[in-house]
$ cat target.txt   # compact mmCIF, C-alpha atoms and all ligand atoms
# COMPACT_ATOMS: atom_id res chain seq x y z
CA MET A 30 50.24 130.50 0.82
CA TYR A 31 49.25 128.13 3.56
CA THR A 32 50.67 125.31 1.47
CA GLN A 33 54.20 126.60 0.99
CA ALA A 34 55.65 123.32 2.24
CA LEU A 35 54.52 121.77 -1.02
CA ASP A 36 57.89 122.88 -2.23
CA ILE A 37 59.44 120.70 0.43
CA PRO A 38 59.88 116.95 0.16
CA GLN A 39 57.56 115.10 2.48
CA GLN A 40 56.42 111.59 3.25
CA ASN A 41 53.86 110.06 0.93
CA THR A 42 50.33 109.42 2.00
CA GLU A 43 49.22 105.86 1.50
CA ALA A 44 47.22 104.99 -1.57
CA LYS A 45 43.50 104.35 -1.38
CA GLY A 46 40.34 106.19 -2.37
CA PRO A 47 39.70 107.19 -5.98
CA ARG A 48 40.73 104.80 -8.75
CA THR A 49 44.23 105.64 -9.88
CA ILE A 50 45.59 102.47 -11.49
CA GLU A 51 47.32 103.51 -14.72
CA ASN A 52 45.09 103.33 -17.75
CA PRO A 53 45.87 105.16 -21.02
CA ALA A 54 42.21 105.68 -21.93
CA TYR A 55 41.37 107.17 -18.55
CA GLN A 56 44.56 109.25 -18.65
CA ALA A 57 43.56 110.72 -22.02
CA GLU A 58 40.11 111.57 -20.71
CA PHE A 59 41.65 113.16 -17.60
CA ASP A 60 44.11 115.24 -19.67
CA ALA A 61 41.35 116.42 -21.97
CA LYS A 62 39.22 117.50 -19.01
CA ILE A 63 42.14 119.43 -17.48
CA ASP A 64 43.00 121.08 -20.80
CA ALA A 65 39.42 122.18 -21.27
CA GLY A 66 39.51 123.82 -17.83
CA GLY A 67 36.98 121.31 -16.49
CA TYR A 68 36.66 119.86 -13.01
CA ILE A 69 37.77 116.51 -11.68
CA GLU A 70 35.31 115.13 -9.12
CA ALA A 71 35.86 112.79 -6.19
CA LYS A 72 34.78 109.56 -7.89
CA ASP A 73 36.52 110.28 -11.21
CA TRP A 74 39.67 108.46 -12.22
CA MET A 75 42.83 110.49 -11.59
CA PRO A 76 46.59 109.83 -11.79
CA GLU A 77 48.01 108.71 -8.46
CA SER A 78 50.50 111.59 -8.43
CA TYR A 79 47.66 114.10 -8.85
CA ARG A 80 45.78 112.49 -5.96
CA LYS A 81 48.88 112.53 -3.72
CA THR A 82 49.72 116.13 -4.54
CA LEU A 83 46.19 117.17 -3.68
CA VAL A 84 46.11 115.23 -0.40
CA ARG A 85 49.36 116.90 0.56
CA GLN A 86 48.31 120.40 -0.49
CA ILE A 87 44.76 120.30 0.92
CA SER A 88 45.77 118.72 4.23
CA GLN A 89 48.66 121.13 4.66
CA HIS A 90 46.23 123.91 4.04
CA ALA A 91 43.76 122.45 6.56
CA HIS A 92 46.51 122.08 9.18
CA SER A 93 47.49 125.71 8.64
CA GLU A 94 43.92 126.86 9.28
CA ILE A 95 43.65 125.09 12.61
CA VAL A 96 47.18 125.85 13.80
CA GLY A 97 46.45 129.43 12.72
CA MET A 98 43.76 129.56 15.41
CA LEU A 99 46.44 129.41 18.12
CA PRO A 100 48.35 132.72 17.80
CA GLU A 101 45.07 134.63 17.65
CA GLY A 102 43.17 132.52 20.17
CA ASN A 103 45.95 133.56 22.50
CA TRP A 104 44.45 137.09 22.60
CA ILE A 105 40.73 136.34 22.99
CA THR A 106 40.78 136.71 26.77
CA ARG A 107 42.82 139.90 26.51
CA ALA A 108 40.91 141.74 23.80
CA PRO A 109 40.55 145.38 24.89
CA THR A 110 36.77 145.67 24.42
CA LEU A 111 33.77 143.37 24.23
CA LYS A 112 33.30 144.33 20.57
CA ARG A 113 36.86 143.33 19.66
CA LYS A 114 36.52 140.12 21.65
CA ALA A 115 33.36 139.15 19.77
CA ILE A 116 35.04 139.94 16.43
CA LEU A 117 38.15 137.94 17.28
CA LEU A 118 36.08 134.99 18.50
CA ALA A 119 34.17 134.98 15.22
CA LYS A 120 37.39 135.16 13.22
CA VAL A 121 39.06 132.32 15.10
CA GLN A 122 35.89 130.24 14.76
CA ASP A 123 35.96 130.87 11.00
CA GLU A 124 39.51 129.54 10.81
CA GLY A 125 38.36 126.36 12.57
CA GLY A 126 35.58 126.12 9.97
CA HIS A 127 38.08 126.57 7.14
CA GLY A 128 40.10 123.69 8.54
CA LEU A 129 36.99 121.51 8.59
CA TYR A 130 35.92 122.36 5.01
CA LEU A 131 39.40 121.45 3.85
CA TYR A 132 39.73 118.20 5.82
CA ALA A 133 36.40 117.18 4.27
CA ALA A 134 37.73 117.99 0.78
CA ALA A 135 40.89 115.94 1.46
CA GLU A 136 38.79 113.03 2.72
CA THR A 137 37.17 112.68 -0.71
CA LEU A 138 40.63 111.54 -1.89
CA GLY A 139 40.61 108.47 0.33
CA VAL A 140 42.30 109.59 3.53
CA SER A 141 40.55 109.99 6.86
CA ARG A 142 40.58 113.13 8.97
CA ASP A 143 42.09 111.24 11.88
CA GLU A 144 44.97 110.00 9.72
CA LEU A 145 45.65 113.53 8.56
CA LEU A 146 45.55 114.88 12.11
CA ASP A 147 47.87 112.11 13.18
CA ALA A 148 50.35 113.21 10.50
CA LEU A 149 50.18 116.76 11.87
CA HIS A 150 50.50 115.77 15.51
CA SER A 151 53.39 113.42 14.91
CA GLY A 152 55.27 116.12 13.00
CA ARG A 153 55.18 114.31 9.63
CA ALA A 154 52.95 116.93 8.02
CA LYS A 155 53.76 120.59 7.62
CA TYR A 156 51.66 123.68 8.16
CA SER A 157 52.37 127.26 7.14
CA SER A 158 55.41 128.51 9.03
CA ILE A 159 53.82 131.95 9.45
CA PHE A 160 51.98 130.61 12.50
CA ASN A 161 55.22 129.84 14.29
CA TYR A 162 55.79 133.53 14.92
CA PRO A 163 54.55 134.86 18.27
CA THR A 164 51.74 137.44 18.67
CA LEU A 165 53.37 139.75 21.21
CA THR A 166 50.96 142.68 21.46
CA TRP A 167 47.36 143.52 20.59
CA ALA A 168 48.64 145.29 17.47
CA ASP A 169 49.83 141.89 16.21
CA ILE A 170 46.20 140.79 16.00
CA GLY A 171 45.46 143.67 13.65
CA VAL A 172 48.59 143.07 11.58
CA VAL A 173 47.88 139.35 11.29
CA GLY A 174 44.43 140.15 9.88
CA TRP A 175 45.76 142.78 7.51
CA LEU A 176 48.95 141.12 6.26
CA VAL A 177 48.70 137.40 6.99
CA ASP A 178 45.06 136.99 6.03
CA GLY A 179 45.72 139.46 3.21
CA ALA A 180 48.50 137.29 1.82
CA ALA A 181 46.34 134.19 2.27
CA ILE A 182 43.51 135.78 0.26
CA MET A 183 45.90 136.70 -2.55
CA ASN A 184 47.00 133.07 -2.67
CA GLN A 185 43.61 131.50 -2.26
CA ILE A 186 41.54 133.33 -4.84
CA PRO A 187 43.16 131.47 -7.78
CA LEU A 188 42.44 128.17 -5.96
CA CYS A 189 38.69 128.81 -6.26
CA LYS A 190 39.14 127.77 -9.89
CA CYS A 191 41.47 124.84 -9.29
CA SER A 192 40.79 121.62 -11.18
CA TYR A 193 39.68 119.49 -8.22
CA GLY A 194 35.99 120.21 -7.60
CA PRO A 195 35.76 119.56 -3.84
CA TYR A 196 38.84 121.73 -3.18
CA ALA A 197 37.63 124.52 -5.45
CA ARG A 198 34.23 124.59 -3.71
CA ALA A 199 35.82 124.69 -0.25
CA MET A 200 37.98 127.59 -1.41
CA VAL A 201 34.99 129.56 -2.68
CA ARG A 202 33.42 129.30 0.76
CA ILE A 203 36.69 130.23 2.48
CA CYS A 204 37.42 133.23 0.27
CA LYS A 205 33.97 134.64 0.99
CA GLU A 206 34.80 134.62 4.70
CA GLU A 207 38.42 135.83 4.49
CA SER A 208 37.56 139.35 3.44
CA PHE A 209 36.06 139.98 6.89
CA HIS A 210 39.32 138.79 8.45
CA GLN A 211 41.46 141.24 6.58
CA ARG A 212 39.11 144.18 7.02
CA GLN A 213 38.65 143.71 10.77
CA GLY A 214 42.45 143.65 11.14
CA TYR A 215 42.91 146.85 9.20
CA ASP A 216 40.04 148.48 11.11
CA LEU A 217 41.66 147.51 14.41
CA LEU A 218 44.93 149.12 13.28
CA LEU A 219 43.20 152.29 12.08
CA THR A 220 41.66 152.62 15.54
CA MET A 221 45.04 152.20 17.23
CA MET A 222 46.67 154.73 14.88
CA LYS A 223 44.11 157.30 16.08
CA GLY A 224 45.15 156.61 19.67
CA THR A 225 48.27 157.51 21.66
CA GLU A 226 51.90 157.70 20.51
CA GLU A 227 52.49 154.44 22.34
CA GLN A 228 49.71 152.71 20.40
CA ARG A 229 51.07 153.96 17.09
CA ASP A 230 54.50 152.63 18.06
CA MET A 231 52.94 149.26 18.82
CA VAL A 232 51.43 149.12 15.34
CA GLN A 233 54.72 150.05 13.66
CA ASP A 234 56.57 147.49 15.76
CA ALA A 235 54.11 144.76 14.76
CA VAL A 236 54.42 145.72 11.07
CA ASN A 237 58.22 145.56 11.39
CA ARG A 238 58.04 142.02 12.73
CA TRP A 239 55.36 140.66 10.36
CA TRP A 240 56.25 142.24 7.03
CA TRP A 241 58.99 139.87 5.93
CA PRO A 242 57.32 136.68 7.19
CA SER A 243 54.17 137.76 5.31
CA ILE A 244 55.88 138.10 1.96
CA MET A 245 57.64 134.79 2.57
CA MET A 246 54.17 133.19 2.73
CA PHE A 247 54.15 133.12 -1.07
CA GLY A 248 56.87 130.49 -0.96
CA PRO A 249 60.24 130.23 -2.71
CA HIS A 250 61.04 132.18 -5.86
CA ASP A 251 59.65 130.61 -9.03
CA LYS A 252 63.09 129.42 -10.12
CA ASP A 253 63.48 127.50 -6.83
CA SER A 254 59.96 126.14 -6.62
CA THR A 255 60.09 122.40 -7.32
CA HIS A 256 56.42 121.54 -7.73
CA SER A 257 55.14 124.59 -9.57
CA ALA A 258 55.37 123.36 -13.16
CA GLN A 259 53.46 120.12 -12.61
CA SER A 260 50.90 121.89 -10.41
CA SER A 261 50.16 124.50 -13.04
CA ARG A 262 49.88 121.77 -15.68
CA TRP A 263 47.21 120.17 -13.48
CA GLY A 264 45.37 123.41 -12.86
CA ILE A 265 46.08 123.28 -9.13
CA LYS A 266 48.28 126.34 -9.22
CA ARG A 267 47.21 129.09 -11.58
CA ILE A 268 49.50 132.02 -10.69
CA SER A 269 53.21 131.79 -9.79
CA ASN A 270 54.67 132.53 -6.35
CA ASP A 271 56.56 135.61 -7.51
CA ASP A 272 53.61 137.09 -9.38
CA LEU A 273 51.36 136.71 -6.35
CA ARG A 274 54.02 138.18 -4.06
CA GLN A 275 54.39 141.22 -6.31
CA LYS A 276 50.63 141.72 -6.37
CA PHE A 277 50.57 141.58 -2.58
CA VAL A 278 53.43 144.06 -2.17
CA ASP A 279 51.86 146.52 -4.62
CA ALA A 280 48.52 146.39 -2.80
CA THR A 281 49.80 146.58 0.78
CA VAL A 282 52.28 149.41 0.30
CA GLU A 283 49.40 151.67 -0.64
CA GLN A 284 47.37 150.45 2.34
CA ALA A 285 50.34 151.19 4.63
CA LYS A 286 50.35 154.80 3.46
CA VAL A 287 46.71 155.25 4.42
CA LEU A 288 47.42 153.66 7.77
CA GLY A 289 50.50 155.83 8.37
CA VAL A 290 53.09 153.07 8.84
CA THR A 291 56.20 152.14 6.87
CA MET A 292 57.49 148.74 5.80
CA PRO A 293 60.88 147.67 7.21
CA ASP A 294 62.57 147.59 3.81
CA PRO A 295 64.85 150.46 2.71
CA GLU A 296 64.87 149.14 -0.85
CA LEU A 297 61.11 149.33 -1.22
CA LYS A 298 60.33 151.86 -3.93
CA TRP A 299 58.08 152.41 -6.92
CA ASN A 300 59.60 151.35 -10.21
CA GLU A 301 58.03 153.44 -12.94
CA ALA A 302 59.38 151.25 -15.75
CA ARG A 303 58.01 147.99 -14.29
CA GLY A 304 54.85 149.55 -12.97
CA HIS A 305 55.46 147.74 -9.67
CA TYR A 306 57.19 148.25 -6.35
CA ASP A 307 60.75 146.93 -6.10
CA PHE A 308 61.64 145.34 -2.79
CA GLY A 309 64.75 144.06 -1.00
CA ALA A 310 66.13 140.53 -0.95
CA ILE A 311 64.27 137.99 1.14
CA ASP A 312 66.20 136.23 3.89
CA TRP A 313 65.50 132.66 2.81
CA ASP A 314 67.73 131.21 5.52
CA GLU A 315 65.26 132.47 8.08
CA PHE A 316 62.37 131.06 6.05
CA TRP A 317 63.85 127.56 5.82
CA ASN A 318 64.87 127.70 9.45
CA VAL A 319 61.27 128.24 10.50
CA VAL A 320 59.91 125.72 7.97
CA ASP A 321 62.33 123.14 9.29
CA GLY A 322 60.95 123.56 12.77
CA HIS A 323 63.38 125.93 14.45
CA GLY A 324 61.09 128.95 14.68
CA GLN A 325 60.16 130.44 18.02
CA GLY A 326 56.72 128.90 18.08
CA ASN A 327 57.09 125.50 16.42
CA VAL A 328 57.32 123.46 19.61
CA ASP A 329 54.59 125.40 21.42
CA ARG A 330 52.16 125.27 18.54
CA LEU A 331 52.45 121.53 18.06
CA ALA A 332 52.29 120.90 21.80
CA ALA A 333 49.08 122.97 22.05
CA ARG A 334 47.52 120.99 19.18
CA VAL A 335 48.47 117.62 20.64
CA LYS A 336 47.22 118.61 24.10
CA ALA A 337 43.85 119.73 22.71
CA TRP A 338 43.53 116.45 20.80
CA ASP A 339 44.54 114.26 23.73
CA ASP A 340 42.43 116.15 26.26
CA GLY A 341 39.41 115.74 24.00
CA ALA A 342 39.87 112.00 23.48
CA TRP A 343 37.51 110.95 26.28
CA VAL A 344 34.77 113.22 24.91
CA ARG A 345 35.06 111.73 21.42
CA GLU A 346 35.04 108.20 22.79
CA ALA A 347 32.13 108.82 25.17
CA ALA A 348 30.02 110.38 22.42
CA LEU A 349 30.68 107.42 20.14
CA GLU A 350 29.84 104.95 22.91
CA TYR A 351 26.63 106.83 23.68
CA ALA A 352 25.65 106.68 20.01
CA ARG A 353 26.40 102.94 19.85
CA LYS A 354 24.25 102.24 22.90
CA HIS A 355 21.35 104.19 21.44
CA ASP A 356 21.71 102.42 18.10
CA ALA A 357 21.58 99.05 19.87
CA ARG A 358 18.53 100.09 21.88
CA ASP A 359 16.75 101.39 18.75
CA SER A 360 17.35 98.18 16.80
CA ARG A 361 16.08 96.06 19.73
CA ALA A 362 12.93 98.18 19.88
CA ALA A 363 12.32 97.82 16.14
CA MET B 15 43.74 103.16 12.48
CA GLU B 16 41.18 101.68 14.87
CA ARG B 17 37.53 102.62 14.58
CA LYS B 18 37.47 105.49 16.98
CA GLU B 19 36.55 107.95 14.28
CA TRP B 20 33.23 109.67 14.23
CA PRO B 21 31.26 108.73 11.11
CA LEU B 22 30.96 111.09 8.17
CA TRP B 23 27.69 112.90 7.41
CA GLU B 24 26.76 114.85 4.29
CA VAL B 25 25.15 118.21 4.92
CA PHE B 26 22.38 119.85 2.88
CA VAL B 27 21.20 123.41 3.47
CA ARG B 28 18.04 125.17 2.37
CA SER B 29 19.23 128.74 2.02
CA ARG B 30 15.73 130.19 2.22
CA ASN B 31 12.16 129.03 1.98
CA GLY B 32 11.11 128.31 -1.55
CA LEU B 33 14.48 126.81 -2.52
CA ASP B 34 15.71 123.21 -2.50
CA HIS B 35 18.13 121.83 0.03
CA LYS B 36 21.55 121.88 -1.57
CA HIS B 37 24.61 119.82 -0.71
CA CYS B 38 27.18 122.05 0.98
CA GLY B 39 29.79 119.77 2.55
CA SER B 40 30.29 117.19 5.25
CA VAL B 41 30.98 116.85 8.97
CA HIS B 42 32.03 114.15 11.39
CA ALA B 43 29.68 113.41 14.28
CA PRO B 44 28.87 110.42 16.51
CA ASP B 45 25.10 110.60 15.91
CA ALA B 46 22.40 112.46 14.01
CA LYS B 47 21.67 114.95 16.77
CA LEU B 48 25.29 116.07 17.02
CA ALA B 49 25.69 115.99 13.25
CA LEU B 50 22.98 118.65 13.01
CA GLN B 51 24.64 120.67 15.75
CA VAL B 52 28.06 120.52 14.10
CA ALA B 53 26.59 121.26 10.66
CA ARG B 54 24.93 124.35 12.10
CA ASP B 55 28.26 125.59 13.52
CA VAL B 56 30.31 124.77 10.44
CA TYR B 57 27.98 125.73 7.60
CA THR B 58 25.54 128.38 8.86
CA ARG B 59 27.57 130.94 10.80
CA ARG B 60 26.29 133.75 8.58
CA GLN B 61 22.61 132.94 8.12
CA GLU B 62 23.33 130.71 5.12
CA GLY B 63 20.29 128.60 5.85
CA VAL B 64 16.84 128.15 7.33
CA SER B 65 16.87 124.34 7.34
CA LEU B 66 19.46 121.57 7.51
CA TRP B 67 19.52 117.94 6.46
CA VAL B 68 22.24 115.51 7.46
CA VAL B 69 22.61 112.04 5.97
CA GLN B 70 25.20 109.50 7.00
CA ALA B 71 27.61 109.45 4.07
CA ASP B 72 27.61 105.69 3.54
CA HIS B 73 23.81 105.74 3.17
CA ILE B 74 24.13 107.69 -0.06
CA VAL B 75 24.00 105.59 -3.21
CA ALA B 76 25.84 107.22 -6.11
CA SER B 77 25.85 106.39 -9.81
CA ASP B 78 29.01 104.85 -11.21
CA PRO B 79 31.21 107.45 -12.97
CA ASP B 80 32.05 104.77 -15.56
CA ALA B 81 28.37 104.39 -16.38
CA LYS B 82 28.12 108.01 -17.54
CA PRO B 83 27.70 107.10 -21.25
CA GLU B 84 24.91 104.54 -20.85
CA LEU B 85 23.12 106.61 -18.21
CA PHE B 86 23.26 110.06 -19.69
CA ASP B 87 24.14 109.90 -23.38
CA PRO B 88 20.77 108.48 -24.55
CA ALA B 89 19.24 111.88 -23.78
CA GLU B 90 21.63 113.52 -26.25
CA ASP B 91 19.74 112.59 -29.44
CA LYS B 92 16.25 113.27 -28.09
CA ILE B 93 16.17 116.92 -28.96
CA TYR B 94 12.41 116.64 -29.58
CA ARG B 95 12.08 116.75 -25.78
CA HIS B 96 12.92 120.44 -25.87
CA PRO B 97 10.38 123.14 -26.78
CA THR B 98 12.82 124.77 -29.17
CA PHE B 99 12.68 121.68 -31.42
CA TYR B 100 9.32 122.84 -32.73
CA GLN B 101 9.31 125.66 -35.26
CA LEU B 102 5.87 127.21 -35.14
CA PRO B 103 4.51 130.03 -37.34
CA ASP B 104 5.67 133.47 -36.14
CA GLU B 105 2.21 134.50 -34.96
CA VAL B 106 2.10 131.67 -32.41
CA ASN B 107 5.82 131.05 -31.79
CA HIS B 108 5.69 132.64 -28.33
CA MET B 109 3.74 129.55 -27.26
FE FE C 1 41.22 130.88 6.95
FE FE C 2 41.52 134.07 7.82
$ encode --input "target.txt" --output "structure tokens"
Amino acid sequence: MYTQALDIPQQNTEAKGPRTIENPAYQAEFDAKIDAGGYIEAKDWMPESYRKTLVRQISQHAHSEIVGMLPEGNWITRAPTLKRKAILLAKVQDEGGHGLYLYAAAETLGVSRDELLDALHSGRAKYSSIFNYPTLTWADIGVVGWLVDGAAIMNQIPLCKCSYGPYARAMVRICKEESFHQRQGYDLLLTMMKGTEEQRDMVQDAVNRWWWPSIMMFGPHDKDSTHSAQSSRWGIKRISNDDLRQKFVDATVEQAKVLGVTMPDPELKWNEARGHYDFGAIDWDEFWNVVDGHGQGNVDRLAARVKAWDDGAWVREAALEYARKHDARDSRAA
Amino acid sequence: MERKEWPLWEVFVRSRNGLDHKHCGSVHAPDAKLALQVARDVYTRRQEGVSLWVVQADHIVASDPDAKPELFDPAEDKIYRHPTFYQLPDEVNHM
């Protein structure tokens, strides 16, 4: 999930926006709505902890979408054909769009987009650690689409029915677009597998590097996941980390067979009794290491984000100034 | 934070002729012209629309969520406003 860091303590976002002052009558109404599987809308009363959890989850998700543009954007100028370049451009543009849908959803909870971006740029907010891994070869672009977007889809589909209306609606839009991301990645890999020995080796090498980080995207095991119980009570999380991870493993192992690659896990095998694939132990030390900012890409990714933001400052200010001047002129004319 | 933020605009899309404009999300933009441009890039990358409206978010007046009962409940007991309230003889009940 792009919001794995929910399981990690983080600074609180300041309180404003929807009405959240404790009130037993409102609380009862809220609980009843949640229990009935209904939606909470932006102007409705909600408990402050629900609001904070959502701000944290949605903004983390938004940050992940826009930081996720970087490892792939890295390959736009080096795409092997015009067709692949156009596809990759469209995909990266989609991820930017996803970020924007989600920032807008978070803003309905009383935080501004600039505040959220400031939290990202100053290192206070987290984004999915998957984007701290480098994209070393063209095959990585295919594997990111297949596995990383694939894992994201698995995680995001249940969110389309989450209890907060603006978030659920943003997720519906996002999920519609994600399927293209996964399919173009797989299609890219199929093409490479029909190529030379060297190309096939590149694909296998990329799978070897991305497999474990991909299954870590589902977050800690259920028994170690601190926020899961409250989040499922609130209808923000509908399926557990481990269940989603298993679903992902079962689906991708079959896809790997069709592609002609193997996963770098000697313990991966079908378990007839469970009706699922068993897989080896996850190296959580590596996971926490990357989450805590010691991954290969952490520094570069954040620096690239901050540079883009700072370099664009004069454009944002000039556009606002231009609009102000025109407003003033229009009101004088009226 | 100082007021360097671009204002918020609500975006409405008509998906095809014959249908209403429907709210689809929001964007930040310094003025109306750019709001339309940004809305086009963010919300219609796959031919989702044939027409866009943008309205500055603070120009929208919304009903108070607390006023739900007095605004909407009075309609609850006026079932005679629905055609199904009237039981007509079988021969004419398709009316
Ligand atoms: Fe995305
Ligand atoms: Fe994606």
$ closest_residue --input "target.txt" --among "B:Glu105, B:Glu84, B:Glu90, B:Asp45" --to "chain A" --atoms "only C-alpha atoms"
B:Asp45
$ interface_residues --input "target.txt" --of "chain B" --to "chain A" --cutoff "9 Å" --atoms "all atoms listed in the file" --output "VMD selection string"
chain B and resid 15 18 to 20 38 to 46 55 to 57 59 78 to 80
$ residues_near_ligand --input "target.txt" --ligand "ligand FE 1 (chain C)" --cutoff "9 Å" --atoms "only C-alpha atoms and all ligand atoms" --output "list in words"
Ala91, Ser93, Glu94, Ile95, Gly97, Met98, Lys120, Val121, Asp123, Glu124, Gly125, Gly126, His127, Gly128, Asp178, Ala181, Ile182, Ile203, Cys204, Glu206, Glu207 and His210 of chain A
$ atom_distance --input "target.txt" --atom1 "CA of Val75 in chain B" --atom2 "CA of Cys189 in chain A"
27.6 Å
$ axis_aligned_box --input "target.txt" --around "range 66-85 of chain B" --padding-each-side "8 Å" --output "AutoDock Vina command-line options"
--center_x 25.8 --center_y 113.0 --center_z -6.9 --size_x 28.6 --size_y 33.2 --size_z 44.8
$ closest_residue --input "target.txt" --among "A:Trp175, A:Tyr79, A:Phe59, A:Tyr162" --to "ligand FE 2 (chain C)" --atoms "all atoms listed in the file"
A:Trp175
$ residues_around --input "target.txt" --residues "Tyr55 in chain A" --least-positions-apart "2" --cutoff "12 Å" --atoms "only C-alpha atoms" --output "PyMOL selection string"
(chain A and resi 48-53+57-62+73-76) or (chain B and resi 79-80)
